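Asks: File coords.pdb below, PDB, C-alpha atoms:
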MODEL        1
ATOM      1  CA  LYS A   1     100.622  98.627  51.842
ATOM      2  CA  THR A   2      99.585 101.922  53.400
ATOM      3  CA  PHE A   3      99.299 102.377  57.151
ATOM      4  CA  ASP A   4      95.502 102.376  57.096
ATOM      5  CA  GLU A   5      95.562  99.087  55.149
ATOM      6  CA  LEU A   6      97.842  97.634  57.832
ATOM      7  CA  VAL A   7      95.441  98.817  60.541
ATOM      8  CA  ASP A   8      92.525  97.171  58.756
ATOM      9  CA  ALA A   9      94.416  93.885  58.334
ATOM     10  CA  TYR A  10      95.727  93.937  61.923
ATOM     11  CA  VAL A  11      92.290  94.565  63.413
ATOM     12  CA  LYS A  12      90.636  91.824  61.341
ATOM     13  CA  GLY A  13      93.473  89.314  61.566
ATOM     14  CA  HIS A  14      94.591  89.816  65.161
ATOM     15  CA  VAL A  15      92.526  92.163  67.343
ATOM     16  CA  ASN A  16      89.122  90.699  66.469
ATOM     17  CA  VAL A  17      90.472  87.155  66.856
ATOM     18  CA  ASN A  18      92.859  87.279  69.813
ATOM     19  CA  VAL A  19      91.903  90.311  71.905
ATOM     20  CA  ARG A  20      89.102  90.182  74.463
ATOM     21  CA  GLU A  21      86.081  92.213  73.458
ATOM     22  CA  SER A  22      86.319  94.327  76.609
ATOM     23  CA  THR A  23      89.856  95.358  75.537
ATOM     24  CA  ARG A  24      89.150  95.927  71.837
ATOM     25  CA  SER A  25      87.682  99.365  72.430
ATOM     26  CA  ASP A  26      91.023 100.463  73.942
ATOM     27  CA  TYR A  27      92.864  99.273  70.833
ATOM     28  CA  GLU A  28      90.387 100.939  68.490
ATOM     29  CA  ASN A  29      90.478 104.167  70.469
ATOM     30  CA  ARG A  30      94.266 104.421  70.285
ATOM     31  CA  LEU A  31      94.294 103.502  66.612
ATOM     32  CA  ASN A  32      91.604 106.024  65.669
ATOM     33  CA  THR A  33      92.624 108.800  68.057
ATOM     34  CA  HIS A  34      96.419 108.667  67.909
ATOM     35  CA  LEU A  35      97.835 106.539  65.105
ATOM     36  CA  LEU A  36      95.563 106.848  62.067
ATOM     37  CA  PRO A  37      95.358 110.666  62.057
ATOM     38  CA  TYR A  38      99.163 110.843  61.853
ATOM     39  CA  PHE A  39     100.127 107.904  59.627
ATOM     40  CA  ASN A  40      96.995 107.535  57.475
ATOM     41  CA  GLY A  41      97.920 106.961  53.812
ATOM     42  CA  VAL A  42     101.660 106.617  54.487
ATOM     43  CA  LYS A  43     103.362 103.605  52.899
ATOM     44  CA  ILE A  44     104.454 101.360  55.761
ATOM     45  CA  ARG A  45     107.798 100.612  54.082
ATOM     46  CA  SER A  46     108.624 104.318  54.274
ATOM     47  CA  ILE A  47     108.035 104.567  58.039
ATOM     48  CA  THR A  48     111.349 104.742  59.880
ATOM     49  CA  SER A  49     112.386 104.748  63.519
ATOM     50  CA  GLN A  50     113.162 108.447  63.226
ATOM     51  CA  MET A  51     109.618 109.164  61.969
ATOM     52  CA  ILE A  52     108.209 107.312  64.954
ATOM     53  CA  GLU A  53     110.449 109.291  67.329
ATOM     54  CA  VAL A  54     109.154 112.538  65.796
ATOM     55  CA  TYR A  55     105.619 111.221  66.222
ATOM     56  CA  ARG A  56     106.345 110.345  69.861
ATOM     57  CA  ALA A  57     107.555 113.908  70.469
ATOM     58  CA  LYS A  58     104.420 115.379  68.856
ATOM     59  CA  LEU A  59     102.185 113.312  71.118
ATOM     60  CA  LEU A  60     103.975 114.752  74.134
ATOM     61  CA  GLU A  61     103.711 118.289  72.738
ATOM     62  CA  ASN A  62      99.958 117.808  72.361
ATOM     63  CA  GLY A  63      99.665 116.905  76.043
ATOM     64  CA  THR A  64      99.308 113.134  75.694
ATOM     65  CA  GLY A  65     100.356 111.386  78.908
ATOM     66  CA  ARG A  66     103.553 109.357  78.931
ATOM     67  CA  ARG A  67     101.748 106.147  79.835
ATOM     68  CA  THR A  68      99.357 106.609  76.904
ATOM     69  CA  VAL A  69     102.270 107.351  74.566
ATOM     70  CA  ASN A  70     103.947 104.100  75.622
ATOM     71  CA  LYS A  71     100.735 102.133  75.056
ATOM     72  CA  VAL A  72     100.459 103.634  71.579
ATOM     73  CA  LEU A  73     104.083 102.667  70.856
ATOM     74  CA  ILE A  74     103.380  99.111  72.046
ATOM     75  CA  ILE A  75     100.455  98.805  69.626
ATOM     76  CA  LEU A  76     102.541 100.285  66.823
ATOM     77  CA  GLY A  77     105.309  97.762  67.494
ATOM     78  CA  ALA A  78     102.809  94.893  67.535
ATOM     79  CA  MET A  79     101.374  96.050  64.214
ATOM     80  CA  PHE A  80     104.789  96.117  62.579
ATOM     81  CA  ARG A  81     105.608  92.648  63.953
ATOM     82  CA  TYR A  82     102.379  91.522  62.289
ATOM     83  CA  ALA A  83     103.523  93.177  59.055
ATOM     84  CA  VAL A  84     106.962  91.494  59.273
ATOM     85  CA  ARG A  85     105.335  88.060  59.736
ATOM     86  CA  HIS A  86     103.336  88.630  56.563
ATOM     87  CA  ARG A  87     106.453  89.952  54.762
ATOM     88  CA  TRP A  88     104.914  93.326  53.993
ATOM     89  CA  VAL A  89     108.026  94.928  55.521
ATOM     90  CA  THR A  90     111.478  93.569  56.263
ATOM     91  CA  TYR A  91     111.969  95.068  59.731
ATOM     92  CA  ASN A  92     110.090  96.629  62.620
ATOM     93  CA  PRO A  93     111.031 100.331  62.954
ATOM     94  CA  ALA A  94     109.126 100.665  66.236
ATOM     95  CA  ALA A  95     111.468  98.128  67.864
ATOM     96  CA  ASP A  96     114.275 100.721  67.900
ATOM     97  CA  VAL A  97     112.169 103.438  69.563
ATOM     98  CA  LYS A  98     112.587 103.541  73.317
ATOM     99  CA  LYS A  99     109.603 103.809  75.627
ATOM    100  CA  LEU A 100     109.293 106.911  77.769
ATOM    101  CA  ASN A 101     110.218 107.023  81.436
ATOM    102  CA  GLU A 102     106.871 107.174  83.225
ATOM    103  CA  ASP A 103     108.330 108.800  86.351
ATOM    104  CA  THR A 104     107.781 106.011  88.873
ATOM    105  CA  VAL A 105     108.345 108.252  91.896
ATOM    106  CA  HIS A 106     105.655 110.704  90.760
ATOM    107  CA  LYS A 107     103.305 107.824  89.994
ATOM    108  CA  GLU A 108     103.785 106.323  93.457
ATOM    109  CA  ALA A 109     103.066 109.723  95.012
ATOM    110  CA  LEU A 110      99.836 109.956  93.042
ATOM    111  CA  VAL A 111      98.804 106.492  94.232
ATOM    112  CA  ASP A 112      99.542 107.421  97.847
ATOM    113  CA  ASP A 113      97.465 110.588  97.523
ATOM    114  CA  SER A 114      94.532 108.686  96.038
ATOM    115  CA  VAL A 115      94.211 106.083  98.817
ATOM    116  CA  ILE A 116      90.997 106.724 100.726
ATOM    117  CA  LYS A 117      91.499 107.094 104.483
ATOM    118  CA  PRO A 118      89.263 105.536 107.194
ATOM    119  CA  ASP A 119      87.729 108.894 108.172
ATOM    120  CA  GLU A 120      87.046 109.637 104.514
ATOM    121  CA  ILE A 121      85.334 106.250 104.152
ATOM    122  CA  GLN A 122      82.983 107.152 106.994
ATOM    123  CA  LYS A 123      82.189 110.528 105.434
ATOM    124  CA  LEU A 124      81.561 108.889 102.073
ATOM    125  CA  LEU A 125      79.174 106.261 103.443
ATOM    126  CA  LEU A 126      77.257 108.901 105.412
ATOM    127  CA  THR A 127      76.475 110.830 102.215
ATOM    128  CA  PHE A 128      74.084 108.115 100.969
ATOM    129  CA  ASN A 129      70.371 108.466 101.572
ATOM    130  CA  PRO A 130      68.437 105.425 102.885
ATOM    131  CA  SER A 131      66.795 105.166  99.445
ATOM    132  CA  GLU A 132      70.249 104.703  97.874
ATOM    133  CA  ASP A 133      71.002 101.464  99.691
ATOM    134  CA  ARG A 134      72.068  99.666  96.507
ATOM    135  CA  TRP A 135      74.697 102.280  95.703
ATOM    136  CA  ARG A 136      75.943 102.371  99.289
ATOM    137  CA  LEU A 137      76.368  98.577  99.263
ATOM    138  CA  ILE A 138      78.305  98.679  95.982
ATOM    139  CA  VAL A 139      80.663 101.287  97.426
ATOM    140  CA  LEU A 140      80.980  99.453 100.745
ATOM    141  CA  THR A 141      81.746  96.150  98.980
ATOM    142  CA  ALA A 142      84.327  97.846  96.765
ATOM    143  CA  LEU A 143      86.007  99.442  99.775
ATOM    144  CA  MET A 144      86.096  96.253 101.849
ATOM    145  CA  THR A 145      87.067  93.769  99.122
ATOM    146  CA  GLY A 146      88.930  95.667  96.415
ATOM    147  CA  LEU A 147      86.693  94.199  93.688
ATOM    148  CA  ARG A 148      86.833  96.103  90.432
ATOM    149  CA  GLN A 149      83.795  97.725  88.873
ATOM    150  CA  GLY A 150      83.167  94.968  86.315
ATOM    151  CA  GLU A 151      83.585  92.310  89.007
ATOM    152  CA  LEU A 152      81.023  94.042  91.231
ATOM    153  CA  LEU A 153      78.483  94.413  88.427
ATOM    154  CA  GLY A 154      78.947  90.752  87.458
ATOM    155  CA  LEU A 155      78.759  89.414  91.018
ATOM    156  CA  ARG A 156      76.052  86.789  91.637
ATOM    157  CA  TRP A 157      74.609  85.643  94.937
ATOM    158  CA  SER A 158      75.860  82.143  94.130
ATOM    159  CA  ASP A 159      79.415  83.572  94.193
ATOM    160  CA  ILE A 160      79.119  84.269  97.924
ATOM    161  CA  ASP A 161      80.113  81.561 100.390
ATOM    162  CA  TRP A 162      78.315  82.643 103.540
ATOM    163  CA  ASN A 163      79.814  79.910 105.726
ATOM    164  CA  ALA A 164      83.412  80.681 104.776
ATOM    165  CA  LYS A 165      82.649  84.423 104.539
ATOM    166  CA  GLN A 166      84.254  84.628 101.130
ATOM    167  CA  ILE A 167      83.374  86.026  97.714
ATOM    168  CA  HIS A 168      84.369  83.917  94.713
ATOM    169  CA  VAL A 169      85.428  86.314  91.945
ATOM    170  CA  ARG A 170      84.811  84.379  88.739
ATOM    171  CA  HIS A 171      83.551  86.763  86.051
ATOM    172  CA  GLN A 172      82.824  90.373  85.226
ATOM    173  CA  TYR A 173      80.225  92.455  83.433
ATOM    174  CA  SER A 174      81.734  94.985  81.038
ATOM    175  CA  SER A 175      80.855  96.553  77.694
ATOM    176  CA  GLY A 176      77.333  95.149  77.913
ATOM    177  CA  ARG A 177      78.258  91.497  78.405
ATOM    178  CA  PHE A 178      79.565  88.953  80.888
ATOM    179  CA  SER A 179      83.026  87.477  80.426
ATOM    180  CA  GLU A 180      85.468  85.251  82.256
ATOM    181  CA  LEU A 181      88.354  86.938  84.022
ATOM    182  CA  LYS A 182      91.640  87.112  82.126
ATOM    183  CA  THR A 183      94.049  85.351  84.471
ATOM    184  CA  LYS A 184      94.093  82.733  87.206
ATOM    185  CA  ALA A 185      95.169  85.461  89.628
ATOM    186  CA  SER A 186      92.027  87.432  88.750
ATOM    187  CA  ARG A 187      89.841  84.394  89.519
ATOM    188  CA  ARG A 188      90.182  84.460  93.270
ATOM    189  CA  ARG A 189      88.499  84.219  96.670
ATOM    190  CA  VAL A 190      88.186  87.383  98.710
ATOM    191  CA  ASP A 191      87.481  87.372 102.443
ATOM    192  CA  MET A 192      84.377  89.190 103.697
ATOM    193  CA  ALA A 193      84.465  91.098 106.954
ATOM    194  CA  GLY A 194      81.613  90.233 109.281
ATOM    195  CA  VAL A 195      80.056  93.688 108.919
ATOM    196  CA  LEU A 196      80.004  93.340 105.121
ATOM    197  CA  ALA A 197      78.482  89.848 105.279
ATOM    198  CA  SER A 198      75.725  91.149 107.582
ATOM    199  CA  GLU A 199      75.023  94.131 105.323
ATOM    200  CA  LEU A 200      74.837  91.923 102.224
ATOM    201  CA  LYS A 201      72.478  89.470 103.942
ATOM    202  CA  ARG A 202      70.120  92.327 104.763
ATOM    203  CA  TRP A 203      70.444  93.674 101.220
ATOM    204  CA  LYS A 204      69.586  90.269  99.746
ATOM    205  CA  LEU A 205      66.117  90.484 101.298
ATOM    206  CA  ARG A 206      65.457  93.736  99.406
ATOM    207  CA  CYS A 207      67.520  93.122  96.271
ATOM    208  CA  PRO A 208      65.535  93.184  92.984
ATOM    209  CA  ILE A 209      65.122  89.625  91.730
ATOM    210  CA  GLY A 210      66.216  88.748  88.215
ATOM    211  CA  GLU A 211      67.057  85.682  86.146
ATOM    212  CA  LEU A 212      70.796  86.329  86.511
ATOM    213  CA  ASP A 213      70.787  86.299  90.334
ATOM    214  CA  LEU A 214      72.905  89.478  90.463
ATOM    215  CA  VAL A 215      73.937  91.062  93.741
ATOM    216  CA  PHE A 216      73.821  94.603  92.326
ATOM    217  CA  PRO A 217      71.244  94.622  89.507
ATOM    218  CA  THR A 218      69.059  97.425  88.250
ATOM    219  CA  GLY A 219      65.627  97.918  89.789
ATOM    220  CA  ALA A 220      64.310  95.464  87.185
ATOM    221  CA  GLY A 221      66.881  92.797  88.101
ATOM    222  CA  ASN A 222      69.008  93.317  84.988
ATOM    223  CA  PRO A 223      72.775  93.989  84.732
ATOM    224  CA  GLU A 224      73.672  97.514  85.738
ATOM    225  CA  ASN A 225      75.264  99.847  83.175
ATOM    226  CA  HIS A 226      78.702 100.971  84.335
ATOM    227  CA  SER A 227      77.937 104.604  83.417
ATOM    228  CA  ASN A 228      75.218 104.695  86.090
TER     229      ASN A 228
ENDMDL
END
Produce structure tokens that represent the structure in this file.

Replies:
Amino acid sequence: KTFDELVDAYVKGHVNVNVRESTRSDYENRLNTHLLPYFNGVKIRSITSQMIEVYRAKLLENGTGRRTVNKVLIILGAMFRYAVRHRWVTYNPAADVKKLNEDTVHKEALVDDSVIKPDEIQKLLLTFNPSEDRWRLIVLTALMTGLRQGELLGLRWSDIDWNAKQIHVRHQYSSGRFSELKTKASRRRVDMAGVLASELKRWKLRCPIGELDLVFPTGAGNPENHSN
């Protein structure tokens, strides 16, 4: 088989069956952007560990980030394991290619630099106009709970326990649809500060009403597009 035939079989036989729809676009992007342009048409039995190491070096030369390179190598290894199971090849050449050091110290420094400080939070919240109350509440809820974007857009009023002052994080809205969260750790209860609970109660009186009972819907009460 050629590499593009392996990609087609892997997507149909594994990705479309076992990978969550919200994650499929990441797979397809890495396949189409990084792997297919380089290996398209190559017989998979002729791909060696050395070829993959050369490919890894070219990705770095082209400015691809180390984390992205490692994710591409992980997908490549998974594809060859799939090929080995189906006896299209006898071994997995990607298994002998080491992942790149992602420079943990530099990464931790970047995380530290990106943490928003209390004075910056105040400045951020003051930038919103009164007419932008919905956006201000999304930002405030994100800051005070740590909910991710998809979790915020999928949040329903029924997920809020006003008595316990907790938000039940059960699902998310991503890629145009609702889905359950991946892990038990993701399905969690998050405490609400009193100021956030008061703000959300006031927002509920003005929130657009829709069939889905969303906390942060569009003006028509429908799910909000993440690009907005």

Asks: Take the PyMOL selection byres ((chain A and resi 97) around 12), run it mentally on this structure, and tell me the resulting residues as a list in words.

Replies: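 On the file shown, the PyMOL selection byres ((chain A and resi 97) around 12) covers Thr48, Ser49, Gln50, Met51, Ile52, Glu53, Val54, Tyr55, Arg56, Ala57, Val69, Asn70, Val72, Leu73, Ile74, Leu76, Gly77, Asn92, Pro93, Ala94, Ala95, Asp96, Lys98, Lys99 and Leu100 of chain A.
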
Asks: Quick one: residues within 10 Å of A:Leu6, all atoms listed in the file, excluding same-chain residues fewer than 2 positions away - as a ChimeraX atom specification?

Replies: /A:1-4,8-12,40,43-44,79-80,82-83,88

Asks: Could you tell me which of A:Ala142, A:Leu137, A:Leu181, A:Leu126 comes closest to A:Lys204 if we count all atoms listed in the file?

Replies: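 Distance minimum relative to A:Lys204 lands on A:Leu137.
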
Asks: Go through A:Leu153, A:Gly221, A:Arg189, A:Leu214 one by one, measure the shortest atom-to-atom distance of each to A:Arg170 using only C-alpha atoms, and give the residue with the smallest value.

Replies: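 Once distances to A:Arg170 are computed over only C-alpha atoms, the minimum belongs to A:Arg189.
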
Asks: Set the distance at 10 Å and use all atoms listed in the file: which residues neighbour A:Gly219 once local chain neighbours fewer than 2 positions away are removed? I'd like the list as a VMD selection string.

Replies: chain A and resid 134 207 to 210 216 to 217 221 to 224

Asks: At what distance in Å, to one decimal, does atom CA of A:Gly65 lie from atom CA of A:Leu152?

Replies: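 For atom CA of A:Leu152 relative to atom CA of A:Gly65, the distance reads 28.7 Å.
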
Asks: I'd like the neighbourhood of stretch 146-150 of chain A as a PyMOL selection string, where a residue qualifies if any of its atoms comes within 10 Å (using only C-alpha atoms), though same-chain residues fewer than 3 positions away should be ignored.

Replies: chain A and resi 138-143+153-155+167+169+171-175+177-179+181+186+190+224-226

Asks: Selection from above, C-alpha atoms, as an mmCIF file, in the frame of the given file, can you write it?

Replies:
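Result went into part_18.cif, see below:
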data_model
loop_
_atom_site.group_PDB
_atom_site.id
_atom_site.type_symbol
_atom_site.label_atom_id
_atom_site.label_comp_id
_atom_site.auth_asym_id
_atom_site.auth_seq_id
_atom_site.Cartn_x
_atom_site.Cartn_y
_atom_site.Cartn_z
ATOM 1 C CA ILE A 138 78.305 98.679 95.982
ATOM 2 C CA VAL A 139 80.663 101.287 97.426
ATOM 3 C CA LEU A 140 80.980 99.453 100.745
ATOM 4 C CA THR A 141 81.746 96.150 98.980
ATOM 5 C CA ALA A 142 84.327 97.846 96.765
ATOM 6 C CA LEU A 143 86.007 99.442 99.775
ATOM 7 C CA LEU A 153 78.483 94.413 88.427
ATOM 8 C CA GLY A 154 78.947 90.752 87.458
ATOM 9 C CA LEU A 155 78.759 89.414 91.018
ATOM 10 C CA ILE A 167 83.374 86.026 97.714
ATOM 11 C CA VAL A 169 85.428 86.314 91.945
ATOM 12 C CA HIS A 171 83.551 86.763 86.051
ATOM 13 C CA GLN A 172 82.824 90.373 85.226
ATOM 14 C CA TYR A 173 80.225 92.455 83.433
ATOM 15 C CA SER A 174 81.734 94.985 81.038
ATOM 16 C CA SER A 175 80.855 96.553 77.694
ATOM 17 C CA ARG A 177 78.258 91.497 78.405
ATOM 18 C CA PHE A 178 79.565 88.953 80.888
ATOM 19 C CA SER A 179 83.026 87.477 80.426
ATOM 20 C CA LEU A 181 88.354 86.938 84.022
ATOM 21 C CA SER A 186 92.027 87.432 88.750
ATOM 22 C CA VAL A 190 88.186 87.383 98.710
ATOM 23 C CA GLU A 224 73.672 97.514 85.738
ATOM 24 C CA ASN A 225 75.264 99.847 83.175
ATOM 25 C CA HIS A 226 78.702 100.971 84.335
#

Asks: Given all atoms listed in the file as the basis, pick out the residue of A:Lys165, A:Thr183, A:Leu60, A:Trp203 nearest to A:Trp135.

Replies: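 Under the stated criterion, the closest residue is A:Trp203.
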
Asks: Suppose you want the space between atom CA of A:Lys201 and atom CA of A:Lys184; what is it in Å?

Replies: 28.2 Å

Asks: Using all atoms listed in the file, which of the listed residues (A:Glu180, A:Glu151, A:Glu132, A:Asp119) sits closest to A:Val215?

Replies: A:Glu151

Asks: Work out how far atom CA of A:Lys182 is from atom CA of A:Arg20, in Å to one decimal.

Replies: 8.6 Å

Asks: Where's the centre, and what are the edge lengths in Å to one decimal, of a box along x, y and z enclosing all listed atoms of stretch 34-39 of chain A padded 4 Å per side, as AutoDock Vina command-line options?

Replies:
--center_x 97.7 --center_y 108.7 --center_z 63.8 --size_x 12.8 --size_y 12.3 --size_z 16.3
